[in-house]
Structures are given as C-alpha cells and as structure tokens.
file protein_4.cif (mmCIF, C-alpha atoms)
data_input
#
loop_
_atom_site.label_atom_id
_atom_site.label_comp_id
_atom_site.auth_asym_id
_atom_site.auth_seq_id
_atom_site.Cartn_x
_atom_site.Cartn_y
_atom_site.Cartn_z
CA MET A 1 16.83 18.48 5.41
CA THR A 2 13.96 17.23 7.54
CA ASN A 3 13.69 15.26 10.78
CA ILE A 4 11.40 12.36 9.92
CA ALA A 5 9.85 9.64 12.07
CA PHE A 6 8.92 6.55 10.07
CA ILE A 7 6.49 4.15 11.78
CA GLY A 8 6.17 0.73 10.13
CA LEU A 9 9.18 -0.83 8.42
CA GLY A 10 7.63 -3.71 6.52
CA ILE A 11 7.88 -4.71 2.85
CA MET A 12 6.93 -1.19 1.76
CA GLY A 13 7.92 1.03 4.65
CA LEU A 14 11.51 -0.14 4.98
CA PRO A 15 12.69 0.73 1.45
CA MET A 16 10.76 4.00 1.59
CA SER A 17 12.46 4.98 4.84
CA ILE A 18 15.86 4.05 3.40
CA HIS A 19 15.31 6.27 0.35
CA LEU A 20 14.53 9.20 2.65
CA ALA A 21 17.66 8.54 4.74
CA GLU A 22 19.83 8.23 1.64
CA ALA A 23 18.42 11.55 0.39
CA GLY A 24 20.02 13.16 3.45
CA HIS A 25 17.06 13.43 5.80
CA THR A 26 17.32 12.40 9.43
CA VAL A 27 15.06 9.34 9.65
CA THR A 28 14.19 7.60 12.90
CA GLY A 29 12.34 4.34 12.41
CA TYR A 30 10.10 2.32 14.68
CA ASN A 31 8.72 -1.14 14.04
CA ARG A 32 6.98 -3.60 16.33
CA SER A 33 9.60 -6.17 15.24
CA PRO A 34 12.78 -4.28 16.21
CA GLU A 35 15.08 -6.26 13.93
CA LYS A 36 13.46 -4.52 10.94
CA THR A 37 15.26 -1.29 11.88
CA LYS A 38 18.73 -2.70 11.15
CA SER A 39 18.67 -1.97 7.41
CA LEU A 40 17.53 1.60 8.06
CA VAL A 41 20.34 2.11 10.57
CA ASP A 42 22.82 0.67 8.05
CA ALA A 43 21.57 3.28 5.56
CA GLY A 44 22.27 6.10 8.01
CA GLY A 45 18.98 6.23 9.87
CA LYS A 46 18.22 5.74 13.55
CA ALA A 47 16.16 3.22 15.50
CA ALA A 48 13.60 4.00 18.20
CA GLU A 49 12.07 1.69 20.77
CA SER A 50 8.62 3.29 20.75
CA VAL A 51 6.37 5.50 18.65
CA ALA A 52 6.84 8.32 21.17
CA GLU A 53 10.63 8.08 20.95
CA ALA A 54 10.55 8.08 17.14
CA VAL A 55 8.24 11.09 17.01
CA ASP A 56 10.23 13.19 19.51
CA GLY A 57 11.65 16.15 17.57
CA ALA A 58 10.20 15.03 14.23
CA GLU A 59 8.91 17.62 11.78
CA VAL A 60 7.24 14.95 9.65
CA VAL A 61 5.82 11.61 10.79
CA CYS A 62 5.34 8.90 8.15
CA VAL A 63 3.15 5.88 8.83
CA MET A 64 2.99 2.63 6.84
CA VAL A 65 1.07 -0.08 8.70
CA PRO A 66 -1.38 -2.75 7.49
CA ASP A 67 -4.95 -1.74 8.38
CA SER A 68 -7.34 0.82 9.89
CA PRO A 69 -7.01 -0.48 13.50
CA ASP A 70 -3.21 -0.31 13.21
CA VAL A 71 -3.34 3.30 12.04
CA ARG A 72 -5.76 4.21 14.84
CA ASP A 73 -3.40 2.65 17.36
CA VAL A 74 -0.28 4.36 16.00
CA LEU A 75 -1.92 7.77 15.70
CA ALA A 76 -4.59 7.96 18.42
CA GLY A 77 -3.54 5.20 20.82
CA GLU A 78 -1.79 5.61 24.14
CA GLY A 79 1.72 6.92 23.55
CA GLY A 80 0.87 7.44 19.89
CA VAL A 81 1.60 10.20 17.44
CA PHE A 82 -1.26 12.48 18.52
CA GLU A 83 -0.04 12.40 22.13
CA SER A 84 3.65 12.69 21.30
CA ALA A 85 4.07 14.97 18.29
CA ALA A 86 4.60 18.70 18.59
CA ALA A 87 1.93 21.10 17.32
CA GLY A 88 2.33 21.78 13.62
CA THR A 89 3.84 18.38 12.84
CA LEU A 90 2.92 17.02 9.41
CA VAL A 91 1.69 13.42 9.53
CA VAL A 92 1.74 11.44 6.27
CA ASP A 93 -0.17 8.17 6.38
CA PHE A 94 1.00 5.90 3.54
CA SER A 95 -1.23 3.03 4.78
CA SER A 96 -4.27 1.83 2.85
CA ILE A 97 -7.28 2.14 5.14
CA ARG A 98 -10.98 3.04 5.16
CA PRO A 99 -11.69 6.57 3.89
CA ASP A 100 -14.09 7.28 6.76
CA VAL A 101 -11.41 6.36 9.30
CA THR A 102 -9.00 8.77 7.61
CA VAL A 103 -11.54 11.60 7.79
CA GLU A 104 -12.13 10.90 11.48
CA LEU A 105 -8.40 10.82 12.26
CA ALA A 106 -7.81 14.01 10.25
CA GLU A 107 -10.39 15.79 12.40
CA GLN A 108 -8.67 14.54 15.56
CA ALA A 109 -5.31 15.68 14.21
CA THR A 110 -6.63 19.16 13.51
CA GLU A 111 -8.03 19.42 17.04
CA ARG A 112 -4.51 18.70 18.33
CA GLY A 113 -2.83 21.23 16.04
CA LEU A 114 -1.43 18.54 13.73
CA ARG A 115 -1.73 18.17 9.96
CA LEU A 116 -2.69 14.80 8.46
CA LEU A 117 -2.40 13.69 4.86
CA ASP A 118 -3.65 10.34 3.60
CA ALA A 119 -1.14 9.22 0.99
CA PRO A 120 -1.66 5.56 0.09
CA VAL A 121 0.67 4.14 -2.52
CA SER A 122 0.54 1.77 -5.47
CA GLY A 123 3.43 -0.08 -7.08
CA GLY A 124 4.12 -2.87 -4.64
CA GLU A 125 7.50 -3.91 -3.31
CA ALA A 126 9.22 -3.20 -6.63
CA GLY A 127 7.85 0.34 -6.68
CA ALA A 128 8.98 0.93 -3.10
CA LYS A 129 12.48 -0.38 -3.77
CA ASN A 130 12.83 1.62 -6.99
CA ALA A 131 11.29 4.82 -5.58
CA ALA A 132 8.73 4.58 -8.37
CA LEU A 133 5.50 4.49 -6.39
CA SER A 134 2.27 6.13 -7.46
CA ILE A 135 1.05 8.20 -4.50
CA MET A 136 -2.53 9.49 -4.26
CA VAL A 137 -2.81 12.21 -1.64
CA GLY A 138 -5.80 13.54 0.29
CA GLY A 139 -5.66 16.62 2.51
CA SER A 140 -5.24 20.37 2.18
CA PRO A 141 -3.32 21.75 -0.82
CA GLU A 142 -0.97 23.59 1.58
CA ASP A 143 -0.05 20.41 3.45
CA PHE A 144 0.38 18.57 0.17
CA GLY A 145 2.77 21.27 -1.00
CA ALA A 146 4.78 20.94 2.20
CA ALA A 147 5.00 17.16 1.86
CA LYS A 148 5.65 16.93 -1.87
CA PRO A 149 9.47 17.21 -1.76
CA LEU A 150 9.53 14.16 0.52
CA LEU A 151 6.89 12.31 -1.49
CA ASP A 152 8.97 12.87 -4.63
CA VAL A 153 11.84 10.98 -2.97
CA VAL A 154 9.81 7.77 -2.71
CA GLY A 155 7.34 8.18 -5.58
CA LYS A 156 7.34 8.74 -9.32
CA THR A 157 3.71 9.82 -9.76
CA VAL A 158 2.56 12.05 -6.90
CA VAL A 159 -0.90 13.60 -7.23
CA HIS A 160 -3.14 15.59 -4.88
CA VAL A 161 -6.63 14.13 -5.42
CA GLY A 162 -8.78 16.10 -2.98
CA PRO A 163 -9.58 16.64 0.72
CA SER A 164 -8.97 14.17 3.54
CA GLY A 165 -10.07 10.66 2.63
CA SER A 166 -9.75 11.22 -1.10
CA GLY A 167 -6.41 9.44 -1.29
CA GLN A 168 -7.93 6.38 0.34
CA THR A 169 -10.91 6.46 -2.03
CA VAL A 170 -8.62 6.56 -5.06
CA LYS A 171 -6.52 3.74 -3.58
CA ALA A 172 -9.66 1.63 -3.18
CA ALA A 173 -10.41 2.16 -6.88
CA ASN A 174 -6.82 1.21 -7.67
CA GLN A 175 -7.13 -2.04 -5.74
CA LEU A 176 -10.37 -2.89 -7.55
CA ILE A 177 -8.70 -2.43 -10.94
CA VAL A 178 -5.56 -4.35 -9.95
CA ALA A 179 -7.50 -7.30 -8.51
CA ALA A 180 -9.67 -7.59 -11.61
CA ASN A 181 -6.58 -7.49 -13.83
CA ILE A 182 -4.78 -10.14 -11.80
CA GLU A 183 -7.78 -12.46 -11.89
CA ALA A 184 -8.18 -11.99 -15.65
CA LEU A 185 -4.47 -12.70 -16.20
CA ALA A 186 -4.65 -15.79 -14.00
CA GLU A 187 -7.62 -17.13 -15.93
CA ALA A 188 -5.87 -16.42 -19.25
CA VAL A 189 -2.72 -18.27 -18.16
CA VAL A 190 -4.64 -21.38 -17.08
CA PHE A 191 -6.69 -21.22 -20.31
CA LEU A 192 -3.57 -20.98 -22.49
CA GLU A 193 -1.81 -23.79 -20.65
CA ALA A 194 -4.85 -26.05 -21.06
CA TYR A 195 -4.39 -25.83 -24.82
CA GLY A 196 -0.63 -26.43 -24.75
CA VAL A 197 0.19 -23.00 -26.10
CA ASP A 198 3.68 -21.54 -25.61
CA THR A 199 2.38 -19.42 -22.76
CA GLU A 200 5.42 -17.17 -22.47
CA ALA A 201 5.24 -16.33 -26.18
CA ALA A 202 1.50 -15.80 -25.88
CA LEU A 203 1.96 -13.31 -23.06
CA ASP A 204 4.61 -11.50 -25.12
CA VAL A 205 2.17 -10.84 -27.93
CA LEU A 206 -0.75 -10.11 -25.60
CA GLY A 207 1.41 -7.62 -23.73
CA GLY A 208 2.03 -5.71 -26.95
CA GLY A 209 -1.65 -5.17 -27.65
CA LEU A 210 -4.69 -3.82 -25.86
CA ALA A 211 -4.47 -6.66 -23.33
CA GLY A 212 -1.12 -5.34 -22.17
CA SER A 213 -0.91 -3.90 -18.66
CA LYS A 214 1.48 -3.28 -15.81
CA VAL A 215 -0.15 -6.24 -14.07
CA LEU A 216 0.80 -8.48 -16.99
CA ASP A 217 4.33 -7.08 -17.06
CA GLN A 218 4.93 -7.42 -13.31
CA LYS A 219 2.99 -10.60 -12.46
CA ARG A 220 3.56 -12.89 -15.47
CA ALA A 221 6.83 -14.27 -14.06
CA ASN A 222 5.13 -15.16 -10.77
CA MET A 223 2.39 -17.03 -12.57
CA LEU A 224 4.55 -18.80 -15.13
CA GLY A 225 7.04 -19.90 -12.47
CA ARG A 226 4.45 -20.52 -9.75
CA SER A 227 6.59 -18.32 -7.51
CA PHE A 228 4.44 -16.35 -5.11
CA GLU A 229 6.85 -14.67 -2.68
CA PRO A 230 4.87 -11.63 -1.60
CA GLY A 231 5.31 -8.23 -3.08
CA PHE A 232 1.73 -7.60 -1.92
CA ARG A 233 -0.01 -10.27 0.13
CA ILE A 234 -3.42 -11.72 -0.62
CA GLU A 235 -4.53 -11.02 2.96
CA LEU A 236 -3.88 -7.29 2.44
CA HIS A 237 -5.65 -7.21 -0.91
CA HIS A 238 -8.55 -9.05 0.74
CA LYS A 239 -8.68 -6.23 3.29
CA ASP A 240 -8.62 -3.59 0.54
CA LEU A 241 -11.44 -5.22 -1.41
CA GLY A 242 -13.48 -5.22 1.78
CA ILE A 243 -12.98 -1.45 1.82
CA VAL A 244 -14.09 -1.25 -1.82
CA THR A 245 -17.29 -3.24 -1.38
CA ALA A 246 -18.25 -1.48 1.87
CA ALA A 247 -17.60 1.99 0.46
CA ALA A 248 -19.46 1.17 -2.75
CA ARG A 249 -22.49 0.07 -0.77
CA GLU A 250 -22.40 3.27 1.30
CA ALA A 251 -22.33 5.31 -1.92
CA GLY A 252 -25.11 3.27 -3.55
CA VAL A 253 -22.73 2.14 -6.29
CA VAL A 254 -22.90 -1.36 -7.82
CA VAL A 255 -19.55 -3.13 -8.31
CA PRO A 256 -20.46 -6.61 -9.61
CA LEU A 257 -16.99 -7.51 -10.82
CA GLY A 258 -15.47 -6.05 -7.67
CA SER A 259 -17.77 -8.16 -5.52
CA LEU A 260 -16.86 -11.32 -7.42
CA VAL A 261 -13.11 -10.78 -7.24
CA ALA A 262 -13.48 -9.90 -3.54
CA GLN A 263 -15.02 -13.35 -3.01
CA LEU A 264 -12.23 -15.03 -4.97
CA MET A 265 -9.66 -13.17 -2.87
CA ALA A 266 -11.50 -14.19 0.30
CA SER A 267 -11.47 -17.82 -0.87
CA ALA A 268 -7.71 -17.68 -1.47
CA LYS A 269 -7.20 -16.36 2.05
CA ALA A 270 -9.55 -18.96 3.53
CA VAL A 271 -7.63 -21.89 2.02
CA GLY A 272 -4.33 -20.65 3.42
CA ASP A 273 -2.92 -18.52 0.60
CA GLY A 274 -3.20 -15.24 2.51
CA GLY A 275 0.56 -14.87 2.97
CA LEU A 276 1.28 -15.32 -0.74
CA ASP A 277 1.55 -12.61 -3.38
CA HIS A 278 -1.80 -11.64 -4.87
CA SER A 279 -0.69 -13.19 -8.17
CA ALA A 280 -1.44 -16.49 -6.37
CA LEU A 281 -5.06 -15.95 -7.41
CA LEU A 282 -3.81 -18.26 -10.16
CA ARG A 283 -3.97 -21.10 -7.64
CA GLY A 284 -7.68 -20.45 -7.15
CA VAL A 285 -8.31 -20.68 -10.90
CA GLU A 286 -6.39 -23.96 -10.97
CA ARG A 287 -8.40 -25.32 -8.05
CA LEU A 288 -11.71 -24.39 -9.67
CA SER A 289 -10.49 -25.97 -12.92
CA GLY A 290 -9.42 -29.19 -11.22
CA ARG A 291 -5.84 -28.73 -12.40
#
call {"tool": "encode", "arguments": {"input": "protein_4.cif", "output": "structure tokens"}}
result
Amino acid sequence: MTNIAFIGLGIMGLPMSIHLAEAGHTVTGYNRSPEKTKSLVDAGGKAAESVAEAVDGAEVVCVMVPDSPDVRDVLAGEGGVFESAAAGTLVVDFSSIRPDVTVELAEQATERGLRLLDAPVSGGEAGAKNAALSIMVGGSPEDFGAAKPLLDVVGKTVVHVGPSGSGQTVKAANQLIVAANIEALAEAVVFLEAYGVDTEAALDVLGGGLAGSKVLDQKRANMLGRSFEPGFRIELHHKDLGIVTAAAREAGVVVPLGSLVAQLMASAKAVGDGGLDHSALLRGVERLSGR
C-alpha cells in the first residue's frame, strides 16, 4: 500500500481520491475549500490543512486542479510540492494544462530529484465516480510503470503515450474531438425538434449507427431534459480549446473546426453559461436559431 497525497478534491479529484482510499492506500487530501475533504475522510482518508502537510511522508503526490497557473502554484509555488516532497517522490498531475508548461515543470522536478508524470483524464464526472477514466500519460516508461497500479484504480484505459507533455497533447486532441461532437449533437437535437420529430426515438436510431458516440450516449439526457448540472464545465472546456488552438498554431497545424467550436464555447462562457455542463452548447444553438 502507498502513502498518497491528493491535491485538489473537486468534481473529478474527490471521487478519484476516494477510490484510492477504498483500495487500501493511505490518502491525505488537501483542497482550498476544506469542506471538500469530509467525504474523503469518511472513506478512510485524511485531511491536511496545506499542500506541505499533505505531501509530508507521501510516496506519490496526485494533483487535480483546473488550469496551468494552478498547477504551477501547487507544484512550484511557495510551500508547494517541489519544496515539500522528499527526493524520489512520484508526482502524478491529472490536471489538463498546456503541454509546454508540463515540460517546464517536469524539468524543474528532475532538478529537485522528483519524478513528474502528466496524466490528464477523460470521462468526466461519471468516469471519475465509476473508476472508468481514460488516462493518457506522458513521462518516462519507468515512472509510468511505477504509477500504473495506482492509475488502474481510478482508470479503465491507461496508456503511456510518450515523454513529458505527451499526455497533455493527447488530452488537447481529446477535447477537440469531444467539443466538436457535442456541438454536432446539439445542432442535431435543435434540428430534429424544429421538425417535430420524436427526438428521443431519433437519437435511439442514430446512436445505433455511424452517428453513435459516447458523447451521444452520455449527453443526450442533458440536452433532451435541458438539465446542465456540470459533469464538465463550459469554462474548463473553453480553457482546453484555448490550449488546442494555441498549440496548433505553434505546430503550424490548421484546425478550422476546432477554431469554430472554440469560438462557440467562448460565446457560451461570455453569456454566463460557463458554470454549466458543456452539453449546454445546446443553448447557444437555440440562441442562434432564435428558439
């Protein structure tokens, strides 16, 4: 069993930390909103009042926070993981951030005798709760091998995709595909409803053909019921699409559909939908359609 520090107990991090605790590992959680630690403690974990306290004695440090500046702060900030963790500690960053930031932080970790993996996840809140996440991991093969038993506790598909930063690059591609699928589904739903079709039946038959997807399976209920409690918030997907478009430009790659859906996501955030699930792109289609 492993002593684990888990930094960031939000929609994704909390169920992931609980799975690790229930698997028998010693998990100490830290979150900026302390009340989030209660469920982890109820599952047999511990609560810490600072990153440094959580990291003290940890063999593995897991991080799940919203954005690149948050990861920098947790890892390289004052009282952060790089200052507090013992040499040899394995740091697994589940956050979705810029690939170049990951590479920079991995270099800093190495200089301090630490090992950093970027291990962003896909699957949303449902995947986190069901321990069915897809995890794309960047870093050395040796560090991946050391982390894999823990990754298998929280994920169903766990793949090493290359050196540091590779996990973040694959996650950016994932977010491009997911956003395009959600927008296409939203447009299809509004189109079907405009013609008075039995939309639920239509999605049943579409889901059984080439138009079927995990996005259709997981987001149809949100759209049909206009229920947008977040599994993954628009404001976070907006951030991820910013990573996609910036990284594509750096690589000299054209992503016309990605650029368009990034603008639609930005519009949804700008009109106040940022806290809703990304399936609320449907609301943007309705606005543009005057419905």
call {"tool": "closest_residue", "arguments": {"input": "protein_4.cif", "among": "A:Leu282, A:Leu176, A:Val61, A:Val244", "to": "Leu224 (chain A)", "atoms": "all atoms listed in the file"}}
result
A:Leu282
call {"tool": "resolve_selection", "arguments": {"input": "protein_4.cif", "expression": "the PyMOL selection byres ((chain A and resi 217) around 12)", "output": "list in words"}}
result
Asn181, Ile182, Leu185, Glu200, Leu203, Asp204, Val205, Leu206, Gly207, Gly208, Ala211, Gly212, Ser213, Lys214, Val215, Leu216, Gln218, Lys219, Arg220, Ala221, Asn222, Met223, Leu224 and Ser279 of chain A
call {"tool": "resolve_selection", "arguments": {"input": "protein_4.cif", "expression": "the PyMOL selection byres ((chain A and resi 155) around 12)", "output": "number ranges by chain"}}
result
A: 12, 15-16, 19-20, 94, 119-124, 126-137, 147-154, 156-159
call {"tool": "resolve_selection", "arguments": {"input": "protein_4.cif", "expression": "the PyMOL selection byres ((chain A and resi 117) around 12)", "output": "PyMOL selection string"}}
result
chain A and resi 60-63+89-95+99+102-103+105-107+109-110+114-116+118-120+135-148+151+160-168
call {"tool": "closest_residue", "arguments": {"input": "protein_4.cif", "among": "A:Ala188, A:Ile18, A:Val101, A:Leu276", "to": "Pro69 (chain A)", "atoms": "all atoms listed in the file"}}
result
A:Val101
call {"tool": "closest_residue", "arguments": {"input": "protein_4.cif", "among": "A:Glu35, A:Asp240, A:Asp42, A:Asp67", "to": "Glu22 (chain A)", "atoms": "all atoms listed in the file"}}
result
A:Asp42
call {"tool": "atom_distance", "arguments": {"input": "protein_4.cif", "atom1": "CA of Val27 (chain A)", "atom2": "CA of Glu53 (chain A)"}}
result
12.2 Å
call {"tool": "atom_distance", "arguments": {"input": "protein_4.cif", "atom1": "CA of Ala262 (chain A)", "atom2": "CA of Arg72 (chain A)"}}
result
24.4 Å
call {"tool": "residues_near_point", "arguments": {"input": "protein_4.cif", "point": "(7.2, 0.4, 17.7)", "cutoff": "6 Å", "atoms": "all atoms listed in the file", "output": "count of residues only"}}
result
6
call {"tool": "atom_distance", "arguments": {"input": "protein_4.cif", "atom1": "CA of Gly57 (chain A)", "atom2": "CA of Gly44 (chain A)"}}
result
17.5 Å
call {"tool": "residues_around", "arguments": {"input": "protein_4.cif", "residues": "Thr26 (chain A)", "least_positions_apart": "2", "cutoff": "12 Å", "atoms": "all atoms listed in the file", "output": "ChimeraX atom specification"}}
result
/A:1-6,17-24,28-29,40-41,43-47,54-55,57-61,150
call {"tool": "write_last_selection", "arguments": {"input": "protein_4.cif", "atoms": "C-alpha atoms", "output": "PDB file, keeping the file's coordinate frame"}}
result
ATOM      1  CA  MET A   1      16.830  18.480   5.410  1.00  0.00           C
ATOM      2  CA  THR A   2      13.960  17.230   7.540  1.00  0.00           C
ATOM      3  CA  ASN A   3      13.690  15.260  10.780  1.00  0.00           C
ATOM      4  CA  ILE A   4      11.400  12.360   9.920  1.00  0.00           C
ATOM      5  CA  ALA A   5       9.850   9.640  12.070  1.00  0.00           C
ATOM      6  CA  PHE A   6       8.920   6.550  10.070  1.00  0.00           C
ATOM      7  CA  SER A  17      12.460   4.980   4.840  1.00  0.00           C
ATOM      8  CA  ILE A  18      15.860   4.050   3.400  1.00  0.00           C
ATOM      9  CA  HIS A  19      15.310   6.270   0.350  1.00  0.00           C
ATOM     10  CA  LEU A  20      14.530   9.200   2.650  1.00  0.00           C
ATOM     11  CA  ALA A  21      17.660   8.540   4.740  1.00  0.00           C
ATOM     12  CA  GLU A  22      19.830   8.230   1.640  1.00  0.00           C
ATOM     13  CA  ALA A  23      18.420  11.550   0.390  1.00  0.00           C
ATOM     14  CA  GLY A  24      20.020  13.160   3.450  1.00  0.00           C
ATOM     15  CA  THR A  28      14.190   7.600  12.900  1.00  0.00           C
ATOM     16  CA  GLY A  29      12.340   4.340  12.410  1.00  0.00           C
ATOM     17  CA  LEU A  40      17.530   1.600   8.060  1.00  0.00           C
ATOM     18  CA  VAL A  41      20.340   2.110  10.570  1.00  0.00           C
ATOM     19  CA  ALA A  43      21.570   3.280   5.560  1.00  0.00           C
ATOM     20  CA  GLY A  44      22.270   6.100   8.010  1.00  0.00           C
ATOM     21  CA  GLY A  45      18.980   6.230   9.870  1.00  0.00           C
ATOM     22  CA  LYS A  46      18.220   5.740  13.550  1.00  0.00           C
ATOM     23  CA  ALA A  47      16.160   3.220  15.500  1.00  0.00           C
ATOM     24  CA  ALA A  54      10.550   8.080  17.140  1.00  0.00           C
ATOM     25  CA  VAL A  55       8.240  11.090  17.010  1.00  0.00           C
ATOM     26  CA  GLY A  57      11.650  16.150  17.570  1.00  0.00           C
ATOM     27  CA  ALA A  58      10.200  15.030  14.230  1.00  0.00           C
ATOM     28  CA  GLU A  59       8.910  17.620  11.780  1.00  0.00           C
ATOM     29  CA  VAL A  60       7.240  14.950   9.650  1.00  0.00           C
ATOM     30  CA  VAL A  61       5.820  11.610  10.790  1.00  0.00           C
ATOM     31  CA  LEU A 150       9.530  14.160   0.520  1.00  0.00           C
TER      32      LEU A 150
END
call {"tool": "closest_residue", "arguments": {"input": "protein_4.cif", "among": "A:Ala48, A:Leu281, A:Val81, A:Leu9", "to": "Ala186 (chain A)", "atoms": "all atoms listed in the file"}}
result
A:Leu281
call {"tool": "closest_residue", "arguments": {"input": "protein_4.cif", "among": "A:Gln263, A:Ser227, A:Ser289, A:Ser33", "to": "Asp277 (chain A)", "atoms": "all atoms listed in the file"}}
result
A:Ser227
